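Structure data (TSV, N, CA and C atoms) from input-v5.tsv:
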chain	number	residue	atom	x	y	z
A	1	MET	N	98.20	87.20	89.66
A	1	MET	CA	99.52	86.95	89.09
A	1	MET	C	100.13	85.73	89.78
A	2	PRO	N	100.70	84.81	89.04
A	2	PRO	CA	101.26	83.60	89.65
A	2	PRO	C	102.58	83.87	90.37
A	3	LEU	N	102.91	82.99	91.28
A	3	LEU	CA	104.16	83.07	92.01
A	3	LEU	C	105.32	82.78	91.06
A	4	GLU	N	106.28	83.67	91.03
A	4	GLU	CA	107.45	83.54	90.15
A	4	GLU	C	108.73	83.61	90.98
A	5	PHE	N	109.83	83.17	90.38
A	5	PHE	CA	111.14	83.18	91.03
A	5	PHE	C	112.16	83.81	90.09
A	6	PRO	N	112.05	85.12	89.85
A	6	PRO	CA	112.92	85.77	88.88
A	6	PRO	C	114.37	85.96	89.36
A	7	ASN	N	114.58	85.92	90.66
A	7	ASN	CA	115.91	86.13	91.22
A	7	ASN	C	116.47	84.78	91.66
A	8	PRO	N	117.54	84.31	91.05
A	8	PRO	CA	118.06	82.98	91.38
A	8	PRO	C	118.85	82.92	92.69
A	9	SER	N	118.96	84.04	93.41
A	9	SER	CA	119.77	84.01	94.63
A	9	SER	C	119.10	83.17	95.71
A	10	ARG	N	119.94	82.60	96.55
A	10	ARG	CA	119.54	81.81	97.69
A	10	ARG	C	120.65	81.88	98.70
A	11	SER	N	120.35	81.63	99.96
A	11	SER	CA	121.39	81.68	100.99
A	11	SER	C	121.09	80.63	102.04
A	12	PHE	N	122.14	80.23	102.75
A	12	PHE	CA	121.99	79.23	103.79
A	12	PHE	C	121.75	79.94	105.11
A	13	ASP	N	120.71	79.54	105.81
A	13	ASP	CA	120.38	80.09	107.13
A	13	ASP	C	120.80	79.05	108.17
A	14	GLU	N	121.93	79.27	108.81
A	14	GLU	CA	122.48	78.30	109.74
A	14	GLU	C	121.57	78.08	110.95
A	15	ALA	N	120.94	79.14	111.44
A	15	ALA	CA	120.07	79.02	112.60
A	15	ALA	C	118.88	78.10	112.32
A	16	ARG	N	118.34	78.15	111.11
A	16	ARG	CA	117.20	77.31	110.73
A	16	ARG	C	117.64	76.00	110.08
A	17	ASN	N	118.92	75.90	109.75
A	17	ASN	CA	119.45	74.75	109.00
A	17	ASN	C	118.62	74.55	107.74
A	18	ALA	N	118.53	75.63	106.97
A	18	ALA	CA	117.68	75.65	105.77
A	18	ALA	C	118.24	76.63	104.75
A	19	VAL	N	117.79	76.47	103.52
A	19	VAL	CA	118.14	77.42	102.47
A	19	VAL	C	116.98	78.39	102.33
A	20	ARG	N	117.31	79.66	102.29
A	20	ARG	CA	116.31	80.72	102.15
A	20	ARG	C	116.31	81.20	100.71
A	21	PHE	N	115.12	81.39	100.15
A	21	PHE	CA	114.99	81.97	98.81
A	21	PHE	C	113.70	82.76	98.75
A	22	ILE	N	113.55	83.59	97.74
A	22	ILE	CA	112.42	84.50	97.65
A	22	ILE	C	111.64	84.26	96.37
A	23	GLY	N	110.33	84.22	96.50
A	23	GLY	CA	109.43	84.20	95.36
A	23	GLY	C	108.76	85.56	95.27
A	24	HIS	N	108.11	85.82	94.15
A	24	HIS	CA	107.41	87.10	93.97
A	24	HIS	C	106.01	86.85	93.43
A	25	ASP	N	105.05	87.44	94.11
A	25	ASP	CA	103.66	87.43	93.67
A	25	ASP	C	103.33	88.88	93.34
A	26	GLY	N	103.47	89.21	92.06
A	26	GLY	CA	103.32	90.61	91.67
A	26	GLY	C	104.44	91.42	92.31
A	27	MET	N	104.07	92.43	93.06
A	27	MET	CA	105.08	93.28	93.70
A	27	MET	C	105.45	92.81	95.10
A	28	PHE	N	104.84	91.71	95.56
A	28	PHE	CA	105.09	91.23	96.91
A	28	PHE	C	106.16	90.15	96.93
A	29	ALA	N	107.16	90.33	97.81
A	29	ALA	CA	108.20	89.32	98.02
A	29	ALA	C	107.65	88.28	98.99
A	30	VAL	N	107.87	87.01	98.67
A	30	VAL	CA	107.36	85.90	99.48
A	30	VAL	C	108.56	85.06	99.93
A	31	PRO	N	108.89	85.10	101.23
A	31	PRO	CA	110.06	84.36	101.71
A	31	PRO	C	109.77	82.87	101.91
A	32	PHE	N	110.71	82.05	101.45
A	32	PHE	CA	110.64	80.60	101.58
A	32	PHE	C	111.90	80.07	102.24
A	33	PHE	N	111.76	78.96	102.95
A	33	PHE	CA	112.87	78.18	103.46
A	33	PHE	C	112.63	76.74	103.02
A	34	ILE	N	113.71	76.06	102.70
A	34	ILE	CA	113.62	74.61	102.49
A	34	ILE	C	114.61	73.98	103.46
A	35	GLU	N	114.09	73.08	104.28
A	35	GLU	CA	114.91	72.45	105.31
A	35	GLU	C	116.05	71.65	104.69
A	36	ALA	N	117.20	71.65	105.35
A	36	ALA	CA	118.36	70.91	104.87
A	36	ALA	C	118.03	69.43	104.69
A	37	GLU	N	117.23	68.90	105.57
A	37	GLU	CA	116.83	67.49	105.50
A	37	GLU	C	116.11	67.18	104.19
A	38	ALA	N	115.41	68.15	103.64
A	38	ALA	CA	114.70	67.95	102.38
A	38	ALA	C	115.64	68.01	101.18
A	39	LEU	N	116.85	68.50	101.39
A	39	LEU	CA	117.80	68.68	100.30
A	39	LEU	C	118.89	67.64	100.22
A	40	THR	N	119.35	67.14	101.34
A	40	THR	CA	120.56	66.32	101.35
A	40	THR	C	120.35	64.98	102.02
A	41	ALA	N	121.11	64.04	101.60
A	41	ALA	CA	121.20	62.74	102.25
A	41	ALA	C	122.57	62.66	102.90
A	42	PRO	N	122.72	61.89	103.95
A	42	PRO	CA	124.04	61.77	104.57
A	42	PRO	C	125.09	61.31	103.56
A	43	SER	N	126.23	61.93	103.60
A	43	SER	CA	127.30	61.60	102.67
A	43	SER	C	128.04	60.34	103.12
A	44	ARG	N	128.36	59.50	102.18
A	44	ARG	CA	129.13	58.30	102.50
A	44	ARG	C	130.63	58.58	102.47
A	45	ASN	N	131.00	59.71	101.90
A	45	ASN	CA	132.42	60.05	101.77
A	45	ASN	C	132.88	61.02	102.84
A	46	GLY	N	132.15	61.15	103.90
A	46	GLY	CA	132.54	62.05	104.97
A	46	GLY	C	131.64	63.28	104.98
A	47	PRO	N	131.70	64.03	106.05
A	47	PRO	CA	130.81	65.18	106.18
A	47	PRO	C	131.25	66.34	105.30
A	48	GLU	N	130.35	66.81	104.49
A	48	GLU	CA	130.58	68.00	103.69
A	48	GLU	C	129.96	69.15	104.49
A	49	PRO	N	130.53	70.34	104.44
A	49	PRO	CA	129.92	71.44	105.17
A	49	PRO	C	128.45	71.59	104.77
A	50	ALA	N	127.60	71.77	105.75
A	50	ALA	CA	126.16	71.85	105.52
A	50	ALA	C	125.81	72.91	104.50
A	51	GLU	N	126.42	74.06	104.59
A	51	GLU	CA	126.08	75.15	103.67
A	51	GLU	C	126.37	74.77	102.22
A	52	ALA	N	127.56	74.29	101.95
A	52	ALA	CA	127.94	73.93	100.59
A	52	ALA	C	127.05	72.81	100.04
A	53	ALA	N	126.79	71.80	100.85
A	53	ALA	CA	125.97	70.68	100.42
A	53	ALA	C	124.54	71.12	100.13
A	54	CYS	N	123.99	71.93	100.99
A	54	CYS	CA	122.61	72.39	100.81
A	54	CYS	C	122.47	73.31	99.60
A	55	LEU	N	123.40	74.21	99.41
A	55	LEU	CA	123.30	75.12	98.27
A	55	LEU	C	123.46	74.37	96.95
A	56	ALA	N	124.37	73.40	96.92
A	56	ALA	CA	124.56	72.61	95.71
A	56	ALA	C	123.30	71.77	95.42
A	57	ALA	N	122.72	71.18	96.47
A	57	ALA	CA	121.50	70.39	96.30
A	57	ALA	C	120.34	71.28	95.86
A	58	PHE	N	120.27	72.49	96.39
A	58	PHE	CA	119.22	73.43	95.98
A	58	PHE	C	119.35	73.74	94.49
A	59	ASP	N	120.55	74.05	94.07
A	59	ASP	CA	120.77	74.38	92.66
A	59	ASP	C	120.41	73.22	91.74
A	60	ALA	N	120.72	72.01	92.16
A	60	ALA	CA	120.43	70.84	91.34
A	60	ALA	C	118.94	70.54	91.25
A	61	ALA	N	118.19	70.93	92.28
A	61	ALA	CA	116.76	70.60	92.33
A	61	ALA	C	115.87	71.85	92.25
A	62	ARG	N	116.42	72.93	91.76
A	62	ARG	CA	115.71	74.22	91.76
A	62	ARG	C	114.29	74.11	91.17
A	63	HIS	N	114.14	73.46	90.04
A	63	HIS	CA	112.83	73.39	89.39
A	63	HIS	C	111.80	72.69	90.30
A	64	SER	N	112.16	71.55	90.86
A	64	SER	CA	111.20	70.83	91.71
A	64	SER	C	110.95	71.58	93.03
A	65	ILE	N	111.94	72.30	93.52
A	65	ILE	CA	111.76	73.11	94.73
A	65	ILE	C	110.76	74.23	94.44
A	66	HIS	N	110.90	74.89	93.30
A	66	HIS	CA	109.97	75.96	92.94
A	66	HIS	C	108.56	75.40	92.75
A	67	THR	N	108.44	74.21	92.19
A	67	THR	CA	107.13	73.58	92.03
A	67	THR	C	106.50	73.32	93.40
A	68	SER	N	107.29	72.80	94.34
A	68	SER	CA	106.79	72.56	95.70
A	68	SER	C	106.43	73.87	96.39
A	69	ALA	N	107.21	74.90	96.15
A	69	ALA	CA	106.93	76.21	96.74
A	69	ALA	C	105.60	76.76	96.23
A	70	ARG	N	105.35	76.62	94.94
A	70	ARG	CA	104.08	77.09	94.38
A	70	ARG	C	102.89	76.35	94.99
A	71	LYS	N	103.03	75.04	95.18
A	71	LYS	CA	101.95	74.24	95.79
A	71	LYS	C	101.70	74.70	97.22
A	72	LEU	N	102.78	74.89	97.98
A	72	LEU	CA	102.66	75.33	99.37
A	72	LEU	C	102.02	76.71	99.44
A	73	TYR	N	102.43	77.59	98.56
A	73	TYR	CA	101.91	78.96	98.53
A	73	TYR	C	100.43	78.99	98.18
A	74	SER	N	100.00	78.10	97.32
A	74	SER	CA	98.59	78.08	96.90
A	74	SER	C	97.67	77.62	98.03
A	75	GLY	N	98.22	77.04	99.08
A	75	GLY	CA	97.43	76.57	100.20
A	75	GLY	C	96.97	77.66	101.15
A	76	GLY	N	97.40	78.88	100.95
A	76	GLY	CA	97.00	79.98	101.83
A	76	GLY	C	98.16	80.91	102.10
A	77	ARG	N	97.85	82.12	102.40
A	77	ARG	CA	98.87	83.15	102.61
A	77	ARG	C	99.43	83.11	104.03
A	78	ARG	N	100.75	83.19	104.13
A	78	ARG	CA	101.47	83.23	105.41
A	78	ARG	C	102.59	84.25	105.31
A	79	THR	N	103.27	84.50	106.41
A	79	THR	CA	104.40	85.44	106.37
A	79	THR	C	105.65	84.77	105.81
A	80	THR	N	105.85	83.48	106.10
A	80	THR	CA	106.95	82.71	105.52
A	80	THR	C	106.44	81.29	105.26
A	81	TYR	N	107.15	80.59	104.40
A	81	TYR	CA	106.79	79.22	104.05
A	81	TYR	C	108.02	78.35	104.22
A	82	THR	N	107.83	77.17	104.81
A	82	THR	CA	108.94	76.24	104.99
A	82	THR	C	108.60	74.94	104.26
A	83	ILE	N	109.47	74.56	103.35
A	83	ILE	CA	109.31	73.31	102.60
A	83	ILE	C	110.06	72.22	103.37
A	84	THR	N	109.36	71.12	103.59
A	84	THR	CA	109.94	69.99	104.31
A	84	THR	C	110.21	68.85	103.33
A	85	ALA	N	110.83	67.79	103.83
A	85	ALA	CA	111.08	66.62	102.99
A	85	ALA	C	109.76	66.03	102.48
A	86	ALA	N	108.72	66.05	103.29
A	86	ALA	CA	107.41	65.53	102.86
A	86	ALA	C	106.85	66.33	101.69
A	87	ASP	N	107.12	67.62	101.65
A	87	ASP	CA	106.63	68.47	100.56
A	87	ASP	C	107.34	68.16	99.24
A	88	MET	N	108.53	67.57	99.31
A	88	MET	CA	109.32	67.30	98.12
A	88	MET	C	109.00	65.94	97.50
A	89	ARG	N	108.12	65.18	98.10
A	89	ARG	CA	107.76	63.86	97.55
A	89	ARG	C	106.73	63.98	96.49
Would you mind writing the structure in this file as structure tokens?
Amino acid sequence: MPLEFPNPSRSFDEARNAVRFIGHDGMFAVPFFIEAEALTAPSRNGPEPAEAACLAAFDAARHSIHTSARKLYSGGRRTTYTITAADMR
């Protein structure tokens, strides 16, 4: 069964400075993080709170993030997966 993302929820993990989201492979939940650096560029209009900026960027790029997550997941099974800026290219 392919990796799917039926639940659109996501949350900001301040300790990791990343957005956390969950994929599903059949009945198994697969936790993912995408680093804030992979989501946002420095703002020219002043600092926006990291959480708000990251969540908005995640929502805007959800499709490409899920595509990157599927590629990362296909590389082998792990307990968690972290998407970096290099993975988003």
| request: Output as a VMD selection string all residues of chain A that backbone DSSP marks as alpha helix (DSSP H). | output: chain A and resid 36 to 39 50 to 60 62 to 74
| remark: Correct to one decimal, the distance CA of Gly26 in chain A-atom C of Leu3 in chain A is 8.1 Å
| When you draw a straight line from CA of Arg89 in chain A to CA of Ala36 in chain A, how long is it in Å? |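 Pair CA of Arg89 in chain A / CA of Ala36 in chain A returns 14.7 Å.
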| query | Counting all atoms listed in the file, which of A:Val30, A:Leu55, A:Glu35, A:Ala15 gets nearest to Arg78 in chain A? | reply |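 Result for the nearest residue to Arg78 in chain A: A:Val30.
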| Per-residue DSSP, chain A, filtered to strand (DSSP E), as number ranges by chain | A: 3-4, 10-13, 18-25, 28-35, 81-83
| Which is closest to Glu4 in chain A among A:Ala85, A:Ala29, A:Ala38, A:Ala52, if we use only C-alpha atoms? |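 Comparing A:Ala85, A:Ala29, A:Ala38, A:Ala52 against Glu4 in chain A, the winner is A:Ala29.
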| task | Using CA of Thr40 in chain A and CA of Phe28 in chain A as the two end points, give the distance in Å to one decimal. | result |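 CA of Phe28 in chain A lies at a distance of 29.7 Å from CA of Thr40 in chain A.
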| Non-local contacts of Phe12 in chain A (8 Å; only N, CA and C atoms; under 3 positions in same chain excluded) as a list in words |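 Skipping anything fewer than 3 positions along the chain leaves Ala15, Arg16, Asn17, Ala18, Val19, Arg20, Phe21, Ala50, Glu51, Ala52, Cys54 and Leu55 of chain A.
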Output, as AutoDock Vina command-line options, the centre and edge lengths in Å (one decimal) of the axis-aligned box that contains all listed atoms of range 53-56 of chain A with 4 Å of margin on each side.
--center_x 124.6 --center_y 72.9 --center_z 98.2 --size_x 12.3 --size_y 12.4 --size_z 13.6
List as a CSV table (one decimal) with N, CA and C atoms, in the frame of the given file the protein and nucleic acid residues near Ile22 in chain A, meaning an atom at most 8 Å away when all atoms listed in the file are counted, but skip any in the same chain fewer than 2 places from it.
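Printed below is around_4.csv as written:
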chain,number,residue,atom,x,y,z
A,4,GLU,N,106.3,83.7,91.0
A,4,GLU,CA,107.4,83.5,90.2
A,4,GLU,C,108.7,83.6,91.0
A,5,PHE,N,109.8,83.2,90.4
A,5,PHE,CA,111.1,83.2,91.0
A,5,PHE,C,112.2,83.8,90.1
A,6,PRO,N,112.0,85.1,89.8
A,6,PRO,CA,112.9,85.8,88.9
A,6,PRO,C,114.4,86.0,89.4
A,7,ASN,N,114.6,85.9,90.7
A,7,ASN,CA,115.9,86.1,91.2
A,7,ASN,C,116.5,84.8,91.7
A,8,PRO,N,117.5,84.3,91.0
A,8,PRO,CA,118.1,83.0,91.4
A,8,PRO,C,118.8,82.9,92.7
A,9,SER,N,119.0,84.0,93.4
A,9,SER,CA,119.8,84.0,94.6
A,9,SER,C,119.1,83.2,95.7
A,10,ARG,N,119.9,82.6,96.6
A,10,ARG,CA,119.5,81.8,97.7
A,10,ARG,C,120.6,81.9,98.7
A,11,SER,N,120.4,81.6,100.0
A,11,SER,CA,121.4,81.7,101.0
A,11,SER,C,121.1,80.6,102.0
A,19,VAL,N,117.8,76.5,103.5
A,19,VAL,CA,118.1,77.4,102.5
A,19,VAL,C,117.0,78.4,102.3
A,20,ARG,N,117.3,79.7,102.3
A,20,ARG,CA,116.3,80.7,102.2
A,20,ARG,C,116.3,81.2,100.7
A,24,HIS,N,108.1,85.8,94.2
A,24,HIS,CA,107.4,87.1,94.0
A,24,HIS,C,106.0,86.8,93.4
A,25,ASP,N,105.0,87.4,94.1
A,25,ASP,CA,103.7,87.4,93.7
A,25,ASP,C,103.3,88.9,93.3
A,29,ALA,N,107.2,90.3,97.8
A,29,ALA,CA,108.2,89.3,98.0
A,29,ALA,C,107.6,88.3,99.0
A,30,VAL,N,107.9,87.0,98.7
A,30,VAL,CA,107.4,85.9,99.5
A,30,VAL,C,108.6,85.1,99.9
A,31,PRO,N,108.9,85.1,101.2
A,31,PRO,CA,110.1,84.4,101.7
A,31,PRO,C,109.8,82.9,101.9
A,32,PHE,N,110.7,82.0,101.4
A,32,PHE,CA,110.6,80.6,101.6
A,32,PHE,C,111.9,80.1,102.2
A,33,PHE,N,111.8,79.0,103.0
A,33,PHE,CA,112.9,78.2,103.5
A,33,PHE,C,112.6,76.7,103.0
